[in-house]
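The next block is final.txt, given as compact mmCIF, C-alpha atoms.
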```txt
# COMPACT_ATOMS: atom_id res chain seq x y z
CA MET A 872 -17.34 33.81 -11.66
CA VAL A 873 -16.91 33.15 -7.94
CA THR A 874 -13.26 34.13 -8.15
CA LEU A 875 -14.16 37.32 -9.95
CA ASN A 876 -16.72 38.26 -7.30
CA VAL A 877 -14.24 37.71 -4.49
CA LYS A 878 -11.66 39.78 -6.33
CA ASN A 879 -14.13 42.59 -6.85
CA ILE A 880 -15.03 42.56 -3.15
CA LEU A 881 -11.40 42.67 -2.06
CA LEU A 882 -10.62 45.52 -4.42
CA SER A 883 -13.72 47.58 -3.84
CA PRO A 884 -13.05 50.98 -2.20
CA ASP A 885 -15.54 50.25 0.58
CA SER A 886 -14.14 46.88 1.60
CA LEU A 887 -10.42 47.71 1.58
CA PRO A 888 -10.48 49.95 4.71
CA LYS A 889 -12.45 47.30 6.62
CA PHE A 890 -10.01 44.62 5.49
CA LEU A 891 -7.04 46.69 6.68
CA GLU A 892 -8.75 47.38 10.01
CA ASN A 893 -9.47 43.67 10.57
CA ILE A 894 -5.93 42.60 9.70
CA SER A 895 -4.41 45.36 11.85
CA VAL A 896 -6.48 44.47 14.91
CA LEU A 897 -5.76 40.77 14.46
CA GLN A 898 -2.06 41.58 14.18
CA TRP A 899 -2.17 43.51 17.45
CA ILE A 900 -4.02 40.76 19.31
CA TRP A 901 -1.66 38.07 18.04
CA SER A 902 1.29 40.25 19.02
CA PHE A 903 -0.13 40.80 22.51
CA LEU A 904 -0.88 37.12 23.13
CA LEU A 905 1.53 35.14 20.97
CA LEU A 906 4.56 37.25 20.04
CA GLY A 907 6.33 36.59 23.35
CA PRO A 908 6.05 32.78 23.16
CA ALA A 909 6.90 32.93 19.44
CA CYS A 910 10.11 34.87 20.17
CA ILE A 911 11.13 32.36 22.84
CA GLY A 912 10.35 29.47 20.49
CA LEU A 913 12.36 31.05 17.68
CA MET A 914 15.43 31.52 19.87
CA VAL A 915 15.24 27.94 21.16
CA TYR A 916 14.83 26.61 17.62
CA LEU A 917 17.84 28.60 16.34
CA LEU A 918 19.95 27.24 19.20
CA LEU A 919 19.33 23.74 17.81
CA THR A 920 20.41 24.63 14.27
CA SER A 921 23.59 25.70 12.52
CA LEU A 922 22.55 29.28 13.25
CA TRP A 923 23.03 28.76 17.01
CA SER A 924 25.56 31.60 17.13
CA LEU A 925 22.83 34.21 16.38
CA PRO A 926 20.80 33.66 19.58
CA VAL A 927 24.02 33.30 21.58
CA LEU A 928 25.22 36.70 20.35
CA TYR A 929 21.79 38.20 21.03
CA PHE A 930 21.70 36.81 24.59
CA MET A 931 25.16 38.28 25.23
CA TRP A 932 23.96 41.65 23.98
CA GLN A 933 20.71 41.39 25.99
CA LEU A 934 22.70 40.82 29.18
CA ALA A 935 24.77 43.92 28.44
CA ASP A 936 21.55 45.82 27.72
CA TRP A 937 19.61 44.33 30.65
CA ASN A 938 18.87 47.57 32.49
CA THR A 939 17.85 49.69 29.48
CA PRO A 940 14.08 49.14 29.98
CA GLU A 941 14.36 50.61 33.48
CA ARG A 942 16.33 53.57 32.15
CA GLY A 943 13.68 54.92 29.85
CA GLY A 944 13.87 52.24 27.18
CA ARG A 945 14.34 52.88 23.46
CA ARG A 946 11.14 54.42 22.12
CA SER A 947 10.81 54.82 18.37
CA SER A 948 8.66 57.54 16.81
CA PHE A 949 8.70 55.42 13.65
CA VAL A 950 7.01 52.48 15.41
CA ARG A 951 4.63 54.69 17.39
CA ASN A 952 3.44 56.29 14.13
CA TRP A 953 2.92 53.08 12.17
CA LYS A 954 -0.14 53.31 9.94
CA VAL A 955 -1.35 50.02 11.40
CA TRP A 956 -2.24 51.81 14.65
CA SER A 957 -4.59 54.17 12.79
CA HIS A 958 -6.39 51.14 11.37
CA VAL A 959 -6.70 49.70 14.91
CA ARG A 960 -8.14 53.02 16.09
CA ASP A 961 -10.70 53.15 13.28
CA TYR A 962 -11.86 49.55 13.81
CA PHE A 963 -13.69 50.30 17.09
CA PRO A 964 -13.38 53.39 16.75
CA MET A 965 -11.17 54.88 19.47
CA LYS A 966 -10.88 58.45 20.68
CA LEU A 967 -8.72 60.32 23.20
CA VAL A 968 -10.43 63.21 25.02
CA LYS A 969 -8.63 66.05 26.78
CA THR A 970 -10.37 67.82 29.67
CA ALA A 971 -7.50 69.94 31.02
CA GLU A 972 -4.02 71.11 30.12
CA LEU A 973 -0.94 69.19 31.22
CA ASN A 974 1.97 71.54 31.93
CA PRO A 975 5.06 70.31 30.04
CA ASN A 976 7.21 71.63 32.90
CA LYS A 977 5.82 69.06 35.32
CA ASN A 978 5.75 65.27 35.56
CA TYR A 979 2.59 63.20 35.95
CA ILE A 980 1.34 59.76 36.89
CA LEU A 981 -1.75 58.90 34.87
CA GLY A 982 -3.86 56.17 36.45
CA CYS A 983 -5.73 54.39 33.68
CA HIS A 984 -8.99 52.50 34.32
CA PRO A 985 -10.35 49.93 33.69
CA HIS A 986 -7.81 47.28 32.71
CA GLY A 987 -10.20 45.41 30.44
CA VAL A 988 -9.06 42.15 28.87
CA LEU A 989 -6.14 43.56 26.85
CA SER A 990 -5.97 47.27 27.83
CA ILE A 991 -6.23 48.21 24.19
CA GLY A 992 -7.51 51.71 25.00
CA ALA A 993 -4.42 52.47 27.10
CA PHE A 994 -2.08 51.04 24.47
CA ALA A 995 -3.61 52.90 21.52
CA SER A 996 -3.80 56.19 23.43
CA PHE A 997 -0.41 56.21 25.14
CA SER A 998 1.91 53.77 23.28
CA THR A 999 1.02 54.97 19.79
CA GLU A 1000 0.23 58.34 18.24
CA ALA A 1001 -2.93 57.05 16.55
CA CYS A 1002 -5.16 58.99 18.96
CA GLY A 1003 -3.04 62.13 18.82
CA PHE A 1004 -1.62 62.33 22.36
CA MET A 1005 1.28 64.61 21.40
CA ASP A 1006 -1.07 66.93 19.50
CA LEU A 1007 -3.44 67.18 22.46
CA PHE A 1008 -0.67 67.58 25.03
CA PRO A 1009 2.29 69.27 23.32
CA GLY A 1010 5.56 68.94 25.18
CA VAL A 1011 4.35 65.96 27.23
CA ARG A 1012 5.70 62.46 26.58
CA SER A 1013 3.55 59.45 27.48
CA CYS A 1014 5.02 56.17 28.68
CA LEU A 1015 2.84 53.15 29.37
CA CYS A 1016 4.28 51.02 32.19
CA ILE A 1017 3.70 47.27 31.89
CA LEU A 1018 4.84 44.05 33.60
CA GLY A 1019 8.61 43.97 34.01
CA GLY A 1020 8.80 40.28 33.10
CA LEU A 1021 7.90 41.08 29.50
CA PHE A 1022 11.22 42.87 29.10
CA LYS A 1023 13.10 39.66 29.84
CA ILE A 1024 11.69 38.00 26.71
CA PRO A 1025 14.25 38.10 23.89
CA LEU A 1026 13.26 40.16 20.83
CA TYR A 1027 9.84 40.94 22.32
CA ARG A 1028 11.51 43.45 24.64
CA GLU A 1029 12.70 45.43 21.62
CA TYR A 1030 9.17 45.67 20.26
CA ALA A 1031 7.79 46.74 23.65
CA MET A 1032 10.47 49.40 24.13
CA ALA A 1033 9.96 50.73 20.61
CA THR A 1034 6.35 51.60 21.46
CA GLY A 1035 7.58 53.58 24.48
CA CYS A 1036 6.64 51.01 27.13
CA CYS A 1037 8.72 50.65 30.30
CA PRO A 1038 8.53 48.29 33.31
CA VAL A 1039 6.16 49.23 36.12
CA SER A 1040 8.97 48.84 38.68
CA LYS A 1041 10.33 51.26 41.27
CA PRO A 1042 13.70 51.80 39.48
CA SER A 1043 11.87 52.45 36.22
CA LEU A 1044 9.42 54.91 37.77
CA LYS A 1045 12.27 56.65 39.62
CA HIS A 1046 14.17 57.15 36.38
CA LEU A 1047 11.15 58.45 34.48
CA LEU A 1048 10.12 60.88 37.23
CA SER A 1049 13.53 62.14 38.35
CA ASN A 1050 16.18 61.46 35.71
CA SER A 1051 14.34 62.17 32.46
CA GLY A 1052 13.62 65.86 32.80
CA GLN A 1053 10.12 67.32 32.79
CA GLY A 1054 7.01 66.64 30.71
CA ASN A 1055 6.80 62.90 31.42
CA ALA A 1056 3.36 61.29 31.70
CA VAL A 1057 3.84 57.88 33.27
CA VAL A 1058 0.75 55.76 32.59
CA ILE A 1059 -0.11 52.93 34.99
CA VAL A 1060 -3.11 50.63 34.62
CA ILE A 1061 -3.84 50.61 38.34
CA GLY A 1062 -6.19 47.63 38.59
CA GLY A 1063 -3.80 45.21 36.93
CA ALA A 1064 -4.46 41.49 36.74
CA ALA A 1065 -7.16 41.49 39.42
CA GLU A 1066 -9.20 44.03 37.47
CA SER A 1067 -8.92 42.13 34.20
CA LEU A 1068 -11.05 39.35 35.71
CA LEU A 1069 -13.84 41.89 36.31
CA SER A 1070 -14.00 42.93 32.65
CA LEU A 1071 -17.62 42.36 31.72
CA PRO A 1072 -19.79 44.25 29.20
CA GLY A 1073 -21.80 46.99 30.87
CA VAL A 1074 -19.84 46.65 34.12
CA ASN A 1075 -17.72 49.52 35.44
CA THR A 1076 -15.74 48.17 38.37
CA VAL A 1077 -12.20 49.24 39.24
CA VAL A 1078 -9.79 47.75 41.76
CA MET A 1079 -8.54 50.77 43.68
CA LYS A 1080 -9.18 50.78 47.42
CA GLN A 1081 -5.94 49.02 48.37
CA ARG A 1082 -3.84 50.22 45.41
CA LYS A 1083 -1.81 53.01 47.01
CA GLY A 1084 1.72 52.39 45.75
CA PHE A 1085 1.34 54.76 42.81
CA VAL A 1086 0.25 57.54 45.20
CA ARG A 1087 3.33 57.01 47.35
CA VAL A 1088 5.55 57.22 44.25
CA ALA A 1089 3.77 60.42 43.16
CA LEU A 1090 4.49 61.99 46.56
CA GLU A 1091 8.12 60.88 46.60
CA PHE A 1092 8.82 62.62 43.29
CA GLY A 1093 6.21 65.39 43.36
CA ALA A 1094 4.37 64.08 40.29
CA ASP A 1095 0.78 65.25 39.86
CA LEU A 1096 -1.88 62.53 39.69
CA VAL A 1097 -4.24 62.36 36.72
CA PRO A 1098 -7.26 60.00 36.56
CA VAL A 1099 -8.01 58.43 33.17
CA TYR A 1100 -11.05 56.36 32.21
CA SER A 1101 -11.53 54.30 29.04
CA TYR A 1102 -15.25 54.02 28.39
CA GLY A 1103 -16.11 50.91 26.39
CA GLU A 1104 -12.92 49.02 27.28
CA ASN A 1105 -14.95 46.26 28.96
CA ASN A 1106 -17.32 45.85 26.00
CA ILE A 1107 -14.95 44.68 23.27
CA PHE A 1108 -14.67 41.04 24.45
CA ARG A 1109 -16.89 38.51 26.19
CA GLN A 1110 -15.05 36.86 29.06
CA VAL A 1111 -15.76 33.39 30.40
CA ILE A 1112 -16.17 33.80 34.17
CA PHE A 1113 -15.40 30.86 36.44
CA SER A 1114 -17.28 30.63 39.72
CA GLU A 1115 -15.14 31.08 42.82
CA GLY A 1116 -13.73 27.76 43.98
CA SER A 1117 -14.14 26.02 40.61
CA VAL A 1118 -11.25 24.25 38.87
CA GLY A 1119 -10.96 27.03 36.29
CA TRP A 1120 -10.90 29.70 39.00
CA ARG A 1121 -8.22 27.84 40.97
CA LEU A 1122 -6.07 27.48 37.85
CA GLN A 1123 -6.38 31.21 37.20
CA GLN A 1124 -5.28 32.01 40.76
CA LEU A 1125 -2.34 29.60 40.51
CA PHE A 1126 -1.24 31.13 37.23
CA LYS A 1127 -1.53 34.62 38.73
CA LYS A 1128 0.59 33.58 41.73
CA ILE A 1129 3.35 32.23 39.47
CA MET A 1130 3.28 34.76 36.61
CA SER A 1131 1.91 37.90 38.37
CA PHE A 1132 -1.07 38.17 36.03
CA SER A 1133 -4.29 36.25 35.45
CA PRO A 1134 -5.13 34.56 32.15
CA CYS A 1135 -8.56 35.48 30.83
CA LEU A 1136 -10.57 33.10 28.70
CA PHE A 1137 -12.36 35.38 26.28
CA VAL A 1138 -14.02 35.39 22.88
CA GLY A 1139 -14.70 38.11 20.37
CA GLU A 1140 -17.39 38.89 17.86
CA ARG A 1141 -15.96 36.56 15.19
CA TRP A 1142 -12.87 34.54 14.34
CA PHE A 1143 -12.79 33.78 18.07
CA TRP A 1144 -10.47 36.70 18.96
CA MET A 1145 -11.79 39.52 16.78
CA PRO A 1146 -13.18 42.12 19.21
CA TYR A 1147 -16.62 43.65 19.00
CA HIS A 1148 -17.02 46.95 17.17
CA CYS A 1149 -17.60 49.03 20.31
CA PRO A 1150 -16.45 52.65 20.64
CA VAL A 1151 -13.64 53.13 23.16
CA THR A 1152 -13.26 56.68 24.48
CA THR A 1153 -10.30 57.40 26.75
CA VAL A 1154 -10.86 60.56 28.81
CA VAL A 1155 -7.89 62.23 30.51
CA GLY A 1156 -8.99 64.10 33.64
CA SER A 1157 -7.64 67.15 35.43
CA PRO A 1158 -4.34 66.89 37.32
CA ILE A 1159 -4.35 66.69 41.10
CA PRO A 1160 -1.47 68.79 42.50
CA VAL A 1161 0.84 66.64 44.61
CA PRO A 1162 3.66 68.05 46.78
CA LYS A 1163 7.08 66.47 46.84
CA ARG A 1164 7.57 64.38 49.98
CA PRO A 1165 10.71 62.18 49.82
CA PHE A 1166 9.43 60.23 52.82
CA PRO A 1167 5.61 60.48 52.75
CA THR A 1168 3.63 59.44 55.79
CA GLN A 1169 0.80 56.95 55.58
CA GLU A 1170 -1.63 59.77 56.37
CA GLU A 1171 -0.39 61.74 53.36
CA VAL A 1172 -0.67 58.68 51.12
CA ASP A 1173 -4.23 58.00 52.32
CA HIS A 1174 -5.20 61.65 51.83
CA TYR A 1175 -4.07 61.86 48.20
CA HIS A 1176 -5.39 58.38 47.49
CA GLY A 1177 -8.80 59.60 48.66
CA LEU A 1178 -8.55 62.72 46.49
CA TYR A 1179 -7.66 60.55 43.52
CA MET A 1180 -10.68 58.27 44.00
CA GLU A 1181 -12.97 61.28 44.32
CA SER A 1182 -11.57 62.76 41.11
CA LEU A 1183 -11.97 59.44 39.29
CA VAL A 1184 -15.63 59.14 40.29
CA LYS A 1185 -16.24 62.76 39.29
CA LEU A 1186 -14.58 62.18 35.91
CA PHE A 1187 -16.67 59.06 35.32
CA ASN A 1188 -19.95 60.78 36.16
CA GLU A 1189 -19.21 63.88 34.09
CA HIS A 1190 -18.51 61.98 30.88
CA LYS A 1191 -20.57 58.79 31.11
CA ALA A 1192 -23.56 60.22 29.22
CA SER A 1193 -21.47 61.56 26.33
CA CYS A 1194 -19.71 58.19 26.12
CA GLY A 1195 -22.90 56.17 25.70
CA LEU A 1196 -23.77 55.23 29.29
CA SER A 1197 -27.06 55.93 31.01
CA ASP A 1198 -27.31 58.17 34.07
CA SER A 1199 -28.01 55.08 36.18
CA HIS A 1200 -24.50 53.69 35.59
CA GLU A 1201 -22.31 53.98 38.67
CA LEU A 1202 -18.60 53.41 39.08
CA GLN A 1203 -17.88 50.66 41.58
CA ILE A 1204 -14.57 50.86 43.46
CA VAL A 1205 -13.39 47.68 45.17
```
For the file at hand, write its structure as structure tokens.
Amino acid sequence: MVTLNVKNILLSPDSLPKFLENISVLQWIWSFLLLGPACIGLMVYLLLTSLWSLPVLYFMWQLADWNTPERGGRRSSFVRNWKVWSHVRDYFPMKLVKTAELNPNKNYILGCHPHGVLSIGAFASFSTEACGFMDLFPGVRSCLCILGGLFKIPLYREYAMATGCCPVSKPSLKHLLSNSGQGNAVVIVIGGAAESLLSLPGVNTVVMKQRKGFVRVALEFGADLVPVYSYGENNIFRQVIFSEGSVGWRLQQLFKKIMSFSPCLFVGERWFWMPYHCPVTTVVGSPIPVPKRPFPTQEEVDHYHGLYMESLVKLFNEHKASCGLSDSHELQIV
């Protein structure tokens, strides 16, 4: 009788969508956190078996293909349109909001905020088609730029490139903004590792004041700047915060110094890593026209950096009420 009840629950029309959403989200989290180490472990294991020639051949090919991630990668519309991404979207749920047109005859740098623990809003909106980016912005191609070190991991690099991700390095940005035609929307999560440690429910803090490199790149290639804010990104996990100077805090800083990103100790609503069911709404703001200056001055960089911060604050204030925040919420820029 117990077996029958479980079977009926699993097969009921109401429970199947929830089951698929849970499995899809868990798959994404495991991929984000564990797929890289798993790929390294698999290659090392194969080297110690009679199948050692397979990883050797792959490493030879990877060396020959070493620069592909910085030359636009190998995006796959098949992978970006996987049904699993729609289940991830529906779990929270997630939504992408357009506030202005993006001209397909121009290139853009989209600054995405906040980082959150896993930047799932940025990934779902710009590395998959689950939220309908290409439908909202026809003729514009989004590319989420992530840590370059991830593209050195065997096998994992193929998965990352298939979703349209590229390294957030100068050669990569140069290729995307000057050698790939027009209609490119390069997405950078500006706050990076430092901002991930500020990811707390109900807190809207972005690391921006000293992050000016993306503005300089925008000026060098004449790419318009577009602020993007993911409301709810900080609410989907509960992070364990270590007090400054504690052992845990020092270990985080050491890890960040070695690996270029900070590990976050976080828990979800259940099953330890399952995130909370909190709506995540990613709002794409209006473009800020940027002139092309091959050798921008510091004054020009500071000027457009200031315009960008003003536009980000304006975007946050205009949409915070419709995205579930009270009027008293303020965006903190550090």
Padding 3 Å on every side, please: axis-aligned box over the listed atoms of segment 1176-1195 of chain A, centre and edge lengths to one decimal in Å, as JSON.
```
{"center_x": -14.5, "center_y": 60.0, "center_z": 37.2, "size_x": 24.2, "size_y": 13.7, "size_z": 29.0}
```
Query raised in the report: So how far away is atom CA of Leu891 of chain A from atom CA of Gly907 of chain A, in Å?
Result: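 Atom CA of Gly907 of chain A sits 23.6 Å away from atom CA of Leu891 of chain A.
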Query - Pick from A:Gly1019, A:Gly1093, A:Pro1025, A:Gly1103 nearest to Leu913 of chain A, counting all atoms listed in the file - result: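 Closest residue, counting all atoms listed in the file: A:Pro1025.
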Query raised in the report: How far is it from atom CA of Glu1181 of chain A to atom CA of Gln1110 of chain A, in Å with one decimal?
Result: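 Between atom CA of Glu1181 of chain A and atom CA of Gln1110 of chain A the gap works out to 28.9 Å.
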Query raised in the report: Hey, which of A:Leu1007, A:Met931, A:Val1154, A:Val1088 ends up closest to Asn1188 of chain A? Count only C-alpha atoms.
Result: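 Closest residue, counting only C-alpha atoms: A:Val1154.
Ranking A:Glu1091, A:Glu1104, A:Glu972, A:Asp1006 by their shortest atom-to-atom distance to Val1172 of chain A, with all atoms listed in the file included, puts A:Glu1091 first.
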Requested in this report: Using all atoms listed in the file, determine which residues lie at most 9 Å from His1176 of chain A, disregarding the query and same-chain residues fewer than 6 positions distant; provide the list as a ChimeraX atom specification.
Outcome: /A:1080,1082-1083,1085-1087
Query - Within 9 Å of Gly992 of chain A using all atoms listed in the file, minus same-chain residues under 5 positions, as a ChimeraX atom specification - result: /A:965-967,986-987,997,1101-1104,1151-1153
Writing out the chosen residues with C-alpha atoms as a tab-separated table (two decimals), in the coordinates of the input:
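Output contents, as saved in out-v4.tsv:
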```tsv
chain	number	residue	atom	x	y	z
A	965	MET	CA	-11.17	54.88	19.47
A	966	LYS	CA	-10.88	58.45	20.68
A	967	LEU	CA	-8.72	60.32	23.20
A	986	HIS	CA	-7.81	47.28	32.71
A	987	GLY	CA	-10.20	45.41	30.44
A	997	PHE	CA	-0.41	56.21	25.14
A	1101	SER	CA	-11.53	54.30	29.04
A	1102	TYR	CA	-15.25	54.02	28.39
A	1103	GLY	CA	-16.11	50.91	26.39
A	1104	GLU	CA	-12.92	49.02	27.28
A	1151	VAL	CA	-13.64	53.13	23.16
A	1152	THR	CA	-13.26	56.68	24.48
A	1153	THR	CA	-10.30	57.40	26.75
```
